[in-house]
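Chemist: Got a structure here, written out as structure tokens. Questions coming.
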Amino acid sequence: MATSTDRQTYRELVAQVAAKAKGILPQETNGRIESACKLVLQGDVEPQENGTVTVYSATDATRRYVLQGTSCTCADYERG
């Protein structure tokens, strides 16, 4: 288990990445940035050995999405 110092450092790094993203991405994505941070901090984002990333839904425990490169299996990306 990570120490509280490790956990705090991790949280600070996630916040720094979010701040950088907010500075680069269009303002209308900011709500999504906060949602992504919550998923990361809750442990719902898992990098896989094959290079993909599995993201578990915040609202449906049975649903998961797969990110590969710049694509995703979520409805938002597929509608995009």
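Labels for the structure tokens follow display order: chains A, B, ..., residues from 1 in each chain, ligands from 1.
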Per DSSP on the backbone, filter chain A down to the residues in strand (DSSP E) and report them as a list in words.

Modeler: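 In chain A, DSSP puts these residues in strand (DSSP E): Val45, Glu46, Pro47, Val53, Thr54, Val55, Tyr56, Arg64, Tyr65, Val66, Leu67, Gln68, Ser71 and Cys72 of chain A.
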
Chemist: Apply DSSP to the backbone of this structure and, from chain A, keep only the residues in alpha helix (DSSP H); write these as JSON, numbers by chain.

Modeler: {"A": [4, 5, 6, 7, 8, 9, 10, 11, 12, 13, 14, 15, 16, 17, 18, 19, 20, 21, 22, 23, 24, 30, 31, 32, 33, 34, 35, 36, 37, 38, 39, 40, 41, 75, 76, 77, 78, 79]}

Chemist: Keeping N, CA, C and O atoms, export the residues of the selection given above as a compact mmCIF listing (two decimals), in the first residue's frame.

Modeler:
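Final output, saved to again_5.txt:
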```
# COMPACT_ATOMS: atom_id res chain seq x y z
N SER A 4 1.07 7.71 2.76
CA SER A 4 0.28 8.93 2.56
C SER A 4 1.07 9.97 1.77
O SER A 4 0.50 10.73 1.00
N THR A 5 2.40 9.98 1.93
CA THR A 5 3.24 10.91 1.16
C THR A 5 3.19 10.55 -0.32
O THR A 5 3.06 11.45 -1.16
N ASP A 6 3.28 9.27 -0.64
CA ASP A 6 3.18 8.83 -2.03
C ASP A 6 1.83 9.20 -2.62
O ASP A 6 1.74 9.68 -3.75
N ARG A 7 0.78 8.99 -1.86
CA ARG A 7 -0.57 9.29 -2.32
C ARG A 7 -0.73 10.80 -2.57
O ARG A 7 -1.30 11.21 -3.56
N GLN A 8 -0.20 11.61 -1.67
CA GLN A 8 -0.28 13.06 -1.83
C GLN A 8 0.50 13.51 -3.07
O GLN A 8 0.04 14.33 -3.83
N THR A 9 1.68 12.94 -3.27
CA THR A 9 2.48 13.27 -4.45
C THR A 9 1.72 12.90 -5.72
O THR A 9 1.67 13.66 -6.68
N TYR A 10 1.10 11.74 -5.72
CA TYR A 10 0.31 11.27 -6.86
C TYR A 10 -0.84 12.24 -7.15
O TYR A 10 -1.05 12.66 -8.29
N ARG A 11 -1.57 12.64 -6.11
CA ARG A 11 -2.69 13.57 -6.27
C ARG A 11 -2.20 14.91 -6.82
O ARG A 11 -2.85 15.51 -7.67
N GLU A 12 -1.05 15.37 -6.34
CA GLU A 12 -0.49 16.64 -6.82
C GLU A 12 -0.11 16.55 -8.30
O GLU A 12 -0.33 17.48 -9.06
N LEU A 13 0.47 15.42 -8.70
CA LEU A 13 0.83 15.24 -10.11
C LEU A 13 -0.40 15.20 -11.00
O LEU A 13 -0.40 15.79 -12.09
N VAL A 14 -1.45 14.54 -10.55
CA VAL A 14 -2.70 14.51 -11.32
C VAL A 14 -3.25 15.93 -11.46
O VAL A 14 -3.68 16.34 -12.54
N ALA A 15 -3.20 16.70 -10.39
CA ALA A 15 -3.68 18.09 -10.43
C ALA A 15 -2.84 18.93 -11.39
O ALA A 15 -3.38 19.78 -12.13
N GLN A 16 -1.53 18.71 -11.43
CA GLN A 16 -0.66 19.45 -12.34
C GLN A 16 -0.98 19.12 -13.80
O GLN A 16 -1.04 20.03 -14.65
N VAL A 17 -1.19 17.86 -14.08
CA VAL A 17 -1.54 17.45 -15.44
C VAL A 17 -2.89 18.07 -15.84
O VAL A 17 -3.05 18.57 -16.95
N ALA A 18 -3.85 18.06 -14.92
CA ALA A 18 -5.16 18.65 -15.20
C ALA A 18 -5.02 20.15 -15.49
O ALA A 18 -5.65 20.66 -16.42
N ALA A 19 -4.21 20.83 -14.71
CA ALA A 19 -4.02 22.27 -14.92
C ALA A 19 -3.40 22.55 -16.29
O ALA A 19 -3.82 23.47 -17.00
N LYS A 20 -2.43 21.73 -16.69
CA LYS A 20 -1.82 21.89 -18.01
C LYS A 20 -2.85 21.63 -19.11
O LYS A 20 -2.90 22.35 -20.11
N ALA A 21 -3.66 20.58 -18.93
CA ALA A 21 -4.69 20.26 -19.93
C ALA A 21 -5.68 21.41 -20.07
O ALA A 21 -6.06 21.77 -21.18
N LYS A 22 -6.09 21.99 -18.94
CA LYS A 22 -7.03 23.12 -18.98
C LYS A 22 -6.43 24.32 -19.72
O LYS A 22 -7.14 25.07 -20.36
N GLY A 23 -5.12 24.48 -19.64
CA GLY A 23 -4.45 25.58 -20.32
C GLY A 23 -4.31 25.38 -21.81
O GLY A 23 -4.16 26.34 -22.56
N ILE A 24 -4.37 24.14 -22.25
CA ILE A 24 -4.16 23.81 -23.66
C ILE A 24 -5.47 23.52 -24.39
O ILE A 24 -5.66 23.95 -25.53
N ASN A 30 -13.27 21.42 -19.92
CA ASN A 30 -12.88 21.43 -18.51
C ASN A 30 -13.70 20.50 -17.64
O ASN A 30 -13.17 19.85 -16.76
N GLY A 31 -15.00 20.40 -17.83
CA GLY A 31 -15.79 19.46 -17.04
C GLY A 31 -15.33 18.02 -17.24
O GLY A 31 -15.34 17.22 -16.31
N ARG A 32 -14.90 17.71 -18.44
CA ARG A 32 -14.40 16.37 -18.73
C ARG A 32 -13.05 16.13 -18.06
O ARG A 32 -12.75 15.01 -17.66
N ILE A 33 -12.27 17.18 -17.96
CA ILE A 33 -10.96 17.03 -17.29
C ILE A 33 -11.17 16.67 -15.83
O ILE A 33 -10.52 15.77 -15.30
N GLU A 34 -12.09 17.35 -15.15
CA GLU A 34 -12.37 17.04 -13.76
C GLU A 34 -12.90 15.61 -13.61
O GLU A 34 -12.51 14.88 -12.70
N SER A 35 -13.77 15.20 -14.53
CA SER A 35 -14.29 13.83 -14.49
C SER A 35 -13.18 12.81 -14.68
O SER A 35 -13.13 11.78 -14.00
N ALA A 36 -12.28 13.10 -15.60
CA ALA A 36 -11.14 12.19 -15.84
C ALA A 36 -10.26 12.10 -14.60
O ALA A 36 -9.82 11.00 -14.23
N CYS A 37 -10.02 13.24 -13.95
CA CYS A 37 -9.20 13.23 -12.73
C CYS A 37 -9.84 12.36 -11.65
O CYS A 37 -9.15 11.60 -10.96
N LYS A 38 -11.15 12.46 -11.50
CA LYS A 38 -11.85 11.64 -10.50
C LYS A 38 -11.65 10.16 -10.80
O LYS A 38 -11.39 9.37 -9.90
N LEU A 39 -11.79 9.79 -12.07
CA LEU A 39 -11.62 8.38 -12.45
C LEU A 39 -10.20 7.91 -12.14
O LEU A 39 -10.00 6.81 -11.61
N VAL A 40 -9.21 8.74 -12.46
CA VAL A 40 -7.81 8.38 -12.19
C VAL A 40 -7.60 8.21 -10.69
O VAL A 40 -7.03 7.21 -10.23
N LEU A 41 -8.05 9.17 -9.90
CA LEU A 41 -7.83 9.14 -8.45
C LEU A 41 -8.59 8.01 -7.76
O LEU A 41 -8.17 7.52 -6.72
N ALA A 75 -19.15 6.16 -25.91
CA ALA A 75 -20.14 6.76 -26.81
C ALA A 75 -19.73 8.18 -27.22
O ALA A 75 -19.95 8.57 -28.37
N ASP A 76 -19.15 8.95 -26.31
CA ASP A 76 -18.73 10.32 -26.64
C ASP A 76 -17.74 10.31 -27.80
O ASP A 76 -17.85 11.11 -28.72
N TYR A 77 -16.77 9.42 -27.75
CA TYR A 77 -15.78 9.37 -28.83
C TYR A 77 -16.42 8.88 -30.13
O TYR A 77 -16.18 9.43 -31.20
N GLU A 78 -17.25 7.86 -30.02
CA GLU A 78 -17.85 7.28 -31.22
C GLU A 78 -18.83 8.25 -31.90
O GLU A 78 -19.00 8.23 -33.10
N ARG A 79 -19.48 9.13 -31.12
CA ARG A 79 -20.37 10.16 -31.69
C ARG A 79 -19.58 11.29 -32.33
O ARG A 79 -20.04 11.91 -33.25
```

Chemist: Quick one: pull the distance between CA of Thr29 in chain A and CA of Asn50 in chain A, Å, one decimal.

Modeler: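 If I compute the distance from CA of Thr29 in chain A to CA of Asn50 in chain A, I get 27.9 Å.
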
Chemist: Figure out the distance between CA of Thr3 in chain A and CA of Val55 in chain A, please, to one decimal in Å.

Modeler: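 Taking CA of Val55 in chain A as the start and CA of Thr3 in chain A as the end point, the length is 24.4 Å.
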
Chemist: By how many Å are CA of Cys74 in chain A and CA of Glu49 in chain A apart?

Modeler: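 CA of Glu49 in chain A lies at a distance of 20.4 Å from CA of Cys74 in chain A.
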